[in-house]
file run-v3.cif (mmCIF, C-alpha atoms)
data_final
#
loop_
_atom_site.label_atom_id
_atom_site.label_comp_id
_atom_site.auth_asym_id
_atom_site.auth_seq_id
_atom_site.Cartn_x
_atom_site.Cartn_y
_atom_site.Cartn_z
CA MET A 29 0.00 0.00 0.00
CA CYS A 30 1.26 3.46 -0.89
CA GLU A 31 1.61 5.99 1.91
CA LEU A 32 1.90 9.73 1.30
CA ALA A 33 2.75 12.66 3.53
CA ILE A 34 2.04 16.35 3.09
CA LYS A 35 3.08 19.37 5.08
CA ILE A 36 0.44 21.79 6.29
CA PRO A 37 1.63 25.02 7.87
CA ASP A 38 0.59 25.48 11.49
CA GLU A 39 -1.04 28.74 10.43
CA VAL A 40 -3.49 26.84 8.24
CA LEU A 41 -4.48 24.65 11.16
CA TYR A 42 -4.88 27.76 13.28
CA ASP A 43 -6.96 29.56 10.64
CA THR A 44 -9.22 26.54 10.07
CA HIS A 45 -9.49 25.73 13.78
CA MET A 46 -8.51 22.14 13.01
CA THR A 47 -6.33 19.84 15.02
CA GLU A 48 -3.69 17.80 13.25
CA SER A 49 -5.91 14.73 13.60
CA GLN A 50 -8.95 16.53 12.16
CA SER A 51 -6.84 17.77 9.28
CA GLN A 52 -5.59 14.26 8.51
CA THR A 53 -9.14 12.90 8.54
CA TYR A 54 -10.32 15.73 6.28
CA ILE A 55 -7.53 15.21 3.76
CA LYS A 56 -8.08 11.44 3.58
CA LYS A 57 -11.77 11.94 2.88
CA MET A 58 -11.20 14.66 0.30
CA VAL A 59 -8.59 12.60 -1.55
CA ALA A 60 -10.91 9.59 -1.51
CA MET A 61 -13.78 11.68 -2.85
CA HIS A 62 -11.56 13.02 -5.62
CA TYR A 63 -10.53 9.49 -6.62
CA TYR A 64 -14.20 8.44 -6.59
CA LEU A 65 -15.38 11.37 -8.71
CA HIS A 66 -12.54 11.73 -11.19
CA PHE A 67 -11.00 8.28 -11.48
CA HIS A 68 -14.08 6.13 -10.76
CA VAL A 69 -12.32 4.21 -8.00
CA SER A 70 -14.74 1.89 -6.20
CA LEU A 71 -16.57 2.85 -3.01
CA GLY A 72 -14.74 0.09 -1.17
CA TYR A 73 -11.28 1.33 -2.09
CA CYS A 74 -12.25 4.93 -1.46
CA ALA A 75 -13.56 3.99 1.99
CA GLN A 76 -10.16 2.41 2.67
CA ILE A 77 -8.39 5.59 1.54
CA ALA A 78 -10.71 7.64 3.77
CA ASP A 79 -10.03 5.19 6.63
CA THR A 80 -13.75 4.71 7.21
CA THR A 81 -16.54 2.23 6.54
CA GLU A 82 -18.29 2.17 3.18
CA GLU A 83 -21.49 3.36 4.89
CA ASP A 84 -19.72 6.34 6.45
CA PHE A 85 -18.01 7.17 3.17
CA ILE A 86 -21.38 7.13 1.37
CA LYS A 87 -22.72 9.50 4.06
CA PHE A 88 -19.69 11.75 3.52
CA LEU A 89 -20.35 11.79 -0.23
CA SER A 90 -23.98 12.67 0.39
CA GLU A 91 -23.00 15.51 2.74
CA ASN A 92 -20.89 16.85 -0.13
CA LYS A 93 -23.73 16.53 -2.65
CA VAL A 94 -22.16 13.55 -4.44
CA SER A 95 -24.57 10.80 -5.43
CA ILE A 96 -23.47 7.19 -5.61
CA PHE A 97 -26.12 6.68 -8.27
CA GLN A 98 -24.80 7.57 -11.69
CA PHE A 99 -26.76 6.95 -14.85
CA GLU A 100 -25.67 7.33 -18.44
CA ASN A 101 -29.03 8.69 -19.56
CA HIS A 102 -32.66 9.28 -18.59
CA ASN A 103 -33.78 5.86 -19.89
CA GLU A 104 -31.28 4.06 -17.67
CA PHE A 105 -32.55 6.04 -14.68
CA GLN A 106 -36.19 5.19 -15.52
CA GLU A 107 -35.31 1.50 -15.87
CA GLU A 108 -33.63 1.52 -12.47
CA LEU A 109 -36.73 3.13 -10.93
CA ARG A 110 -38.95 0.43 -12.46
CA ASN A 111 -36.65 -2.29 -11.14
CA ALA A 112 -36.71 -0.75 -7.65
CA ALA A 113 -40.53 -0.66 -7.76
CA GLY A 114 -40.58 -4.35 -8.70
CA GLU A 115 -42.11 -3.84 -12.12
#
call {"tool": "encode", "arguments": {"input": "run-v3.cif", "output": "structure tokens"}}
result
Amino acid sequence: MCELAIKIPDEVLYDTHMTESQSQTYIKKMVAMHYYLHFHVSLGYCAQIADTTEEDFIKFLSENKVSIFQFENHNEFQEELRNAAGE
């Protein structure tokens, strides 16, 4: 597994009122969300990157207005709705 480190000036932590631990958690989640959105990495792997459960990662995505449901077109969306309704 790859491990990365970044330096954040103390002033940024002060300005954002974040502890080092809060900053690390934030960065992991943001990187995971970026991988999910832009590289289509799976929810499972992104949850690992974010160091959280898949359920909590899905909640994080939702809080950031990112849907886990992605459809190619309106017809695909309608078909999924019919399937969910048991039609």
call {"tool": "residues_around", "arguments": {"input": "run-v3.cif", "residues": "segment 86-99 of chain A", "least_positions_apart": "5", "cutoff": "12 Å", "atoms": "all atoms listed in the file", "output": "PDB file with C-alpha atoms, in the frame of the given file"}}
result
ATOM      1  CA  THR A  53      -9.140  12.900   8.540  1.00  0.00           C
ATOM      2  CA  TYR A  54     -10.320  15.730   6.280  1.00  0.00           C
ATOM      3  CA  LYS A  56      -8.080  11.440   3.580  1.00  0.00           C
ATOM      4  CA  LYS A  57     -11.770  11.940   2.880  1.00  0.00           C
ATOM      5  CA  MET A  58     -11.200  14.660   0.300  1.00  0.00           C
ATOM      6  CA  VAL A  59      -8.590  12.600  -1.550  1.00  0.00           C
ATOM      7  CA  ALA A  60     -10.910   9.590  -1.510  1.00  0.00           C
ATOM      8  CA  MET A  61     -13.780  11.680  -2.850  1.00  0.00           C
ATOM      9  CA  HIS A  62     -11.560  13.020  -5.620  1.00  0.00           C
ATOM     10  CA  TYR A  63     -10.530   9.490  -6.620  1.00  0.00           C
ATOM     11  CA  TYR A  64     -14.200   8.440  -6.590  1.00  0.00           C
ATOM     12  CA  LEU A  65     -15.380  11.370  -8.710  1.00  0.00           C
ATOM     13  CA  HIS A  66     -12.540  11.730 -11.190  1.00  0.00           C
ATOM     14  CA  HIS A  68     -14.080   6.130 -10.760  1.00  0.00           C
ATOM     15  CA  VAL A  69     -12.320   4.210  -8.000  1.00  0.00           C
ATOM     16  CA  SER A  70     -14.740   1.890  -6.200  1.00  0.00           C
ATOM     17  CA  LEU A  71     -16.570   2.850  -3.010  1.00  0.00           C
ATOM     18  CA  GLY A  72     -14.740   0.090  -1.170  1.00  0.00           C
ATOM     19  CA  CYS A  74     -12.250   4.930  -1.460  1.00  0.00           C
ATOM     20  CA  ALA A  75     -13.560   3.990   1.990  1.00  0.00           C
ATOM     21  CA  ALA A  78     -10.710   7.640   3.770  1.00  0.00           C
ATOM     22  CA  THR A  80     -13.750   4.710   7.210  1.00  0.00           C
ATOM     23  CA  THR A  81     -16.540   2.230   6.540  1.00  0.00           C
ATOM     24  CA  GLU A 104     -31.280   4.060 -17.670  1.00  0.00           C
ATOM     25  CA  PHE A 105     -32.550   6.040 -14.680  1.00  0.00           C
ATOM     26  CA  GLN A 106     -36.190   5.190 -15.520  1.00  0.00           C
ATOM     27  CA  GLU A 107     -35.310   1.500 -15.870  1.00  0.00           C
ATOM     28  CA  GLU A 108     -33.630   1.520 -12.470  1.00  0.00           C
ATOM     29  CA  LEU A 109     -36.730   3.130 -10.930  1.00  0.00           C
TER      30      LEU A 109
END
call {"tool": "atom_distance", "arguments": {"input": "run-v3.cif", "atom1": "atom CA of Ser49 of chain A", "atom2": "atom CA of Glu82 of chain A"}}
result
20.5 Å
call {"tool": "closest_residue", "arguments": {"input": "run-v3.cif", "among": "A:Ala113, A:Val40, A:Ile34, A:Phe67", "to": "Gln52 of chain A", "atoms": "only C-alpha atoms"}}
result
A:Ile34
call {"tool": "atom_distance", "arguments": {"input": "run-v3.cif", "atom1": "atom CA of Thr44 of chain A", "atom2": "atom CA of Phe85 of chain A"}}
result
22.4 Å
call {"tool": "atom_distance", "arguments": {"input": "run-v3.cif", "atom1": "atom CA of Asp43 of chain A", "atom2": "atom CA of Gln76 of chain A"}}
result
28.5 Å
call {"tool": "resolve_selection", "arguments": {"input": "run-v3.cif", "expression": "the PyMOL selection byres ((chain A and resi 29) around 12)", "output": "list of chain:residue names"}}
result
A:Cys30, A:Glu31, A:Leu32, A:Tyr73, A:Gln76, A:Ile77
call {"tool": "decode", "arguments": {"input": "run-v3.cif", "residues": "segment 44-78 of chain A", "atoms": "N, CA, C and O atoms", "output": "compact mmCIF listing (two decimals), in the first residue's frame"}}
result
# COMPACT_ATOMS: atom_id res chain seq x y z
N THR A 44 -8.07 27.41 10.29
CA THR A 44 -9.22 26.54 10.07
C THR A 44 -9.77 25.96 11.36
O THR A 44 -10.79 25.27 11.34
N HIS A 45 -9.09 26.25 12.47
CA HIS A 45 -9.49 25.73 13.78
C HIS A 45 -9.53 24.20 13.79
O HIS A 45 -10.41 23.60 14.42
N MET A 46 -8.58 23.59 13.08
CA MET A 46 -8.51 22.14 13.01
C MET A 46 -7.30 21.65 13.79
O MET A 46 -6.25 22.29 13.77
N THR A 47 -7.48 20.50 14.41
CA THR A 47 -6.33 19.84 15.02
C THR A 47 -5.60 19.08 13.92
O THR A 47 -6.12 18.92 12.80
N GLU A 48 -4.43 18.60 14.23
CA GLU A 48 -3.69 17.80 13.25
C GLU A 48 -4.49 16.56 12.87
O GLU A 48 -4.57 16.20 11.70
N SER A 49 -5.11 15.93 13.85
CA SER A 49 -5.91 14.73 13.60
C SER A 49 -7.11 15.04 12.71
O SER A 49 -7.42 14.29 11.78
N GLN A 50 -7.80 16.13 12.98
CA GLN A 50 -8.95 16.53 12.16
C GLN A 50 -8.51 16.83 10.73
O GLN A 50 -9.20 16.48 9.78
N SER A 51 -7.36 17.45 10.59
CA SER A 51 -6.84 17.77 9.28
C SER A 51 -6.51 16.50 8.50
O SER A 51 -6.81 16.39 7.31
N GLN A 52 -5.91 15.53 9.16
CA GLN A 52 -5.59 14.26 8.51
C GLN A 52 -6.86 13.54 8.04
O GLN A 52 -6.91 13.03 6.92
N THR A 53 -7.87 13.53 8.89
CA THR A 53 -9.14 12.90 8.54
C THR A 53 -9.76 13.60 7.34
O THR A 53 -10.24 12.95 6.39
N TYR A 54 -9.76 14.93 7.37
CA TYR A 54 -10.32 15.73 6.28
C TYR A 54 -9.61 15.43 4.96
O TYR A 54 -10.25 15.19 3.93
N ILE A 55 -8.31 15.42 4.99
CA ILE A 55 -7.53 15.21 3.76
C ILE A 55 -7.77 13.81 3.20
O ILE A 55 -7.95 13.64 1.99
N LYS A 56 -7.81 12.80 4.05
CA LYS A 56 -8.08 11.44 3.58
C LYS A 56 -9.42 11.36 2.87
O LYS A 56 -9.54 10.76 1.80
N LYS A 57 -10.44 11.99 3.47
CA LYS A 57 -11.77 11.94 2.88
C LYS A 57 -11.84 12.71 1.56
O LYS A 57 -12.48 12.27 0.60
N MET A 58 -11.17 13.86 1.52
CA MET A 58 -11.20 14.66 0.30
C MET A 58 -10.45 13.96 -0.84
O MET A 58 -10.90 13.98 -1.99
N VAL A 59 -9.33 13.34 -0.53
CA VAL A 59 -8.59 12.60 -1.55
C VAL A 59 -9.43 11.43 -2.05
O VAL A 59 -9.54 11.18 -3.26
N ALA A 60 -10.06 10.72 -1.12
CA ALA A 60 -10.91 9.59 -1.51
C ALA A 60 -12.06 10.05 -2.40
O ALA A 60 -12.38 9.40 -3.40
N MET A 61 -12.68 11.16 -2.05
CA MET A 61 -13.78 11.68 -2.85
C MET A 61 -13.29 12.07 -4.25
O MET A 61 -13.96 11.81 -5.25
N HIS A 62 -12.12 12.65 -4.32
CA HIS A 62 -11.56 13.02 -5.62
C HIS A 62 -11.32 11.76 -6.48
O HIS A 62 -11.65 11.75 -7.67
N TYR A 63 -10.74 10.74 -5.89
CA TYR A 63 -10.53 9.49 -6.62
C TYR A 63 -11.86 8.92 -7.10
O TYR A 63 -11.98 8.42 -8.22
N TYR A 64 -12.89 8.97 -6.24
CA TYR A 64 -14.20 8.44 -6.59
C TYR A 64 -14.80 9.21 -7.76
O TYR A 64 -15.29 8.61 -8.73
N LEU A 65 -14.75 10.53 -7.69
CA LEU A 65 -15.38 11.37 -8.71
C LEU A 65 -14.63 11.39 -10.03
O LEU A 65 -15.23 11.36 -11.10
N HIS A 66 -13.32 11.48 -9.97
CA HIS A 66 -12.54 11.73 -11.19
C HIS A 66 -11.86 10.51 -11.78
O HIS A 66 -11.53 10.52 -12.97
N PHE A 67 -11.67 9.47 -10.98
CA PHE A 67 -11.00 8.28 -11.48
C PHE A 67 -11.87 7.04 -11.37
O PHE A 67 -11.43 5.94 -11.68
N HIS A 68 -13.10 7.21 -10.86
CA HIS A 68 -14.08 6.13 -10.76
C HIS A 68 -13.55 4.94 -9.95
O HIS A 68 -13.84 3.80 -10.27
N VAL A 69 -12.79 5.24 -8.91
CA VAL A 69 -12.32 4.21 -8.00
C VAL A 69 -13.52 3.74 -7.19
O VAL A 69 -14.41 4.53 -6.85
N SER A 70 -13.57 2.46 -6.87
CA SER A 70 -14.74 1.89 -6.20
C SER A 70 -14.98 2.49 -4.81
O SER A 70 -14.06 3.01 -4.17
N LEU A 71 -16.22 2.38 -4.36
CA LEU A 71 -16.57 2.85 -3.01
C LEU A 71 -15.73 2.15 -1.96
O LEU A 71 -15.29 2.77 -0.99
N GLY A 72 -15.51 0.86 -2.15
CA GLY A 72 -14.74 0.09 -1.17
C GLY A 72 -13.32 0.61 -1.02
O GLY A 72 -12.83 0.80 0.10
N TYR A 73 -12.65 0.81 -2.14
CA TYR A 73 -11.28 1.33 -2.09
C TYR A 73 -11.24 2.76 -1.54
O TYR A 73 -10.36 3.12 -0.78
N CYS A 74 -12.22 3.56 -1.95
CA CYS A 74 -12.25 4.93 -1.46
C CYS A 74 -12.51 4.98 0.04
O CYS A 74 -11.95 5.82 0.75
N ALA A 75 -13.34 4.07 0.54
CA ALA A 75 -13.56 3.99 1.99
C ALA A 75 -12.26 3.63 2.70
O ALA A 75 -11.95 4.17 3.77
N GLN A 76 -11.47 2.75 2.08
CA GLN A 76 -10.16 2.41 2.67
C GLN A 76 -9.26 3.63 2.69
O GLN A 76 -8.58 3.88 3.69
N ILE A 77 -9.22 4.38 1.60
CA ILE A 77 -8.39 5.59 1.54
C ILE A 77 -8.83 6.57 2.61
O ILE A 77 -8.00 7.18 3.29
N ALA A 78 -10.16 6.71 2.78
CA ALA A 78 -10.71 7.64 3.77
C ALA A 78 -10.60 7.10 5.20
O ALA A 78 -10.90 7.81 6.15
